[in-house]
Amino acid sequence: MLERGIDVDHLKRAIKNPDFEEPAFEGRMRVRKKIDSQRTIEVIYYRQGFKGANDPVIITAYYLPNE
């Protein structure tokens, strides 16, 4: 996240209220959220953390250019 300049608020917005959502590899979820006129964030994550934790576990996140 630090290397890509990902804003934590953008992650939260994408997970809580995605514009697009689909299952991904091995139980993960892929979500997208349009952040502004120039960026959309894509997040791959597990819905529940390990050992019963309720917090999502982020696998990767990145910004996509809007078209």
# chains A, B, ... in the order shown; residues from 1 in each chain; ligands from 1
>>> select_by_dssp(residues="chain A", states="strand (DSSP E)", output="VMD selection string")
chain A and resid 20 to 23 29 to 34 39 to 46 57 to 65
>>> residues_around(residues="A:Arg28", least_positions_apart="2", cutoff="9 Å", atoms="only C-alpha atoms", output="ChimeraX atom specification")
/A:22-26,30,44-47,59
>>> write_last_selection(atoms="C-alpha atoms", output="tab-separated table (two decimals), in the first residue's frame")
chain	number	residue	atom	x	y	z
A	22	GLU	CA	-16.89	-10.94	-7.84
A	23	PRO	CA	-15.39	-14.07	-6.32
A	24	ALA	CA	-11.70	-14.53	-7.04
A	25	PHE	CA	-9.14	-17.31	-6.65
A	26	GLU	CA	-9.36	-19.61	-3.58
A	30	ARG	CA	-12.27	-8.83	-6.04
A	44	ILE	CA	-8.38	-8.44	-3.65
A	45	TYR	CA	-9.10	-9.67	-0.14
A	46	TYR	CA	-10.47	-12.41	2.10
A	47	ARG	CA	-13.81	-11.47	3.69
A	59	ILE	CA	-4.08	-9.45	-0.42
>>> closest_residue(among="A:Asp19, A:Gly27, A:Leu64, A:Ala14", to="A:Val43", atoms="only C-alpha atoms")
A:Ala14
>>> residues_around(residues="A:Asp36", least_positions_apart="4", cutoff="12 Å", atoms="only C-alpha atoms", output="list in words")
His10, Thr40, Ile41, Tyr63, Leu64, Pro65, Asn66 and Glu67 of chain A
>>> atom_distance(atom1="atom CA of A:Leu2", atom2="atom CA of A:Ile35")
17.7 Å
>>> residues_around(residues="A:Ile15", least_positions_apart="3", cutoff="8 Å", atoms="only C-alpha atoms", output="PyMOL selection string")
chain A and resi 11-12+18+31+43
>>> write_last_selection(atoms="C-alpha atoms", output="tab-separated table (two decimals), in the first residue's frame")
chain	number	residue	atom	x	y	z
A	11	LEU	CA	-9.75	0.54	0.64
A	12	LYS	CA	-12.52	0.76	3.20
A	18	PRO	CA	-18.11	-1.65	-4.08
A	31	VAL	CA	-13.94	-5.43	-5.68
A	43	VAL	CA	-8.87	-4.69	-4.03
>>> select_by_dssp(residues="chain A", states="alpha helix (DSSP H)", output="ChimeraX atom specification")
/A:8-16
>>> atom_distance(atom1="atom CA of A:Lys33", atom2="atom CA of A:Thr60")
14.3 Å
>>> closest_residue(among="A:Arg39, A:Val57, A:Tyr62, A:Met29", to="A:Gly5", atoms="only C-alpha atoms")
A:Tyr62
>>> closest_residue(among="A:Arg32, A:Gln38, A:Arg4, A:Ala61", to="A:Lys16", atoms="only C-alpha atoms")
A:Arg32
>>> closest_residue(among="A:Asn54, A:Phe20, A:Glu3, A:Val8", to="A:Glu42", atoms="only C-alpha atoms")
A:Phe20
>>> decode(residues="stretch 3-67 of chain A", atoms="C-alpha atoms", output="CSV table (one decimal), in the first residue's frame")
chain,number,residue,atom,x,y,z
A,3,GLU,CA,4.6,1.7,-2.4
A,4,ARG,CA,1.5,2.3,-4.5
A,5,GLY,CA,0.2,5.3,-2.5
A,6,ILE,CA,-3.0,3.6,-1.5
A,7,ASP,CA,-5.3,5.6,0.8
A,8,VAL,CA,-6.7,3.4,3.6
A,9,ASP,CA,-10.1,5.2,3.3
A,10,HIS,CA,-10.2,4.2,-0.4
A,11,LEU,CA,-9.7,0.5,0.6
A,12,LYS,CA,-12.5,0.8,3.2
A,13,ARG,CA,-14.9,2.4,0.7
A,14,ALA,CA,-14.2,-0.3,-1.9
A,15,ILE,CA,-14.8,-3.1,0.5
A,16,LYS,CA,-17.9,-1.7,2.2
A,17,ASN,CA,-19.6,-0.3,-0.9
A,18,PRO,CA,-18.1,-1.7,-4.1
A,19,ASP,CA,-19.2,-0.7,-7.6
A,20,PHE,CA,-18.2,-4.1,-8.8
A,21,GLU,CA,-17.7,-7.4,-6.8
A,22,GLU,CA,-16.9,-10.9,-7.8
A,23,PRO,CA,-15.4,-14.1,-6.3
A,24,ALA,CA,-11.7,-14.5,-7.0
A,25,PHE,CA,-9.1,-17.3,-6.6
A,26,GLU,CA,-9.4,-19.6,-3.6
A,27,GLY,CA,-12.1,-17.9,-1.7
A,28,ARG,CA,-10.9,-14.3,-2.2
A,29,MET,CA,-13.1,-11.4,-3.4
A,30,ARG,CA,-12.3,-8.8,-6.0
A,31,VAL,CA,-13.9,-5.4,-5.7
A,32,ARG,CA,-13.7,-2.1,-7.5
A,33,LYS,CA,-14.7,1.4,-6.5
A,34,LYS,CA,-14.5,4.5,-8.5
A,35,ILE,CA,-12.7,7.0,-6.3
A,36,ASP,CA,-12.7,10.1,-8.5
A,37,SER,CA,-12.8,11.1,-12.2
A,38,GLN,CA,-9.3,9.7,-12.7
A,39,ARG,CA,-9.0,6.6,-10.5
A,40,THR,CA,-10.7,3.4,-9.6
A,41,ILE,CA,-9.3,1.2,-6.9
A,42,GLU,CA,-9.3,-2.6,-7.2
A,43,VAL,CA,-8.9,-4.7,-4.0
A,44,ILE,CA,-8.4,-8.4,-3.7
A,45,TYR,CA,-9.1,-9.7,-0.1
A,46,TYR,CA,-10.5,-12.4,2.1
A,47,ARG,CA,-13.8,-11.5,3.7
A,48,GLN,CA,-12.8,-12.9,7.1
A,49,GLY,CA,-9.4,-12.9,8.6
A,50,PHE,CA,-7.5,-16.0,9.8
A,51,LYS,CA,-8.6,-18.0,12.8
A,52,GLY,CA,-12.1,-16.5,13.0
A,53,ALA,CA,-11.2,-12.8,13.0
A,54,ASN,CA,-13.9,-10.7,11.5
A,55,ASP,CA,-11.6,-8.1,9.8
A,56,PRO,CA,-10.9,-8.6,6.1
A,57,VAL,CA,-7.4,-9.5,5.0
A,58,ILE,CA,-6.1,-7.5,2.1
A,59,ILE,CA,-4.1,-9.5,-0.4
A,60,THR,CA,-3.4,-6.6,-2.9
A,61,ALA,CA,-4.8,-3.3,-3.9
A,62,TYR,CA,-4.0,-1.0,-6.8
A,63,TYR,CA,-5.5,2.0,-8.7
A,64,LEU,CA,-6.8,1.5,-12.3
A,65,PRO,CA,-7.1,4.4,-14.6
A,66,ASN,CA,-10.7,5.4,-15.4
A,67,GLU,CA,-11.6,5.3,-19.0
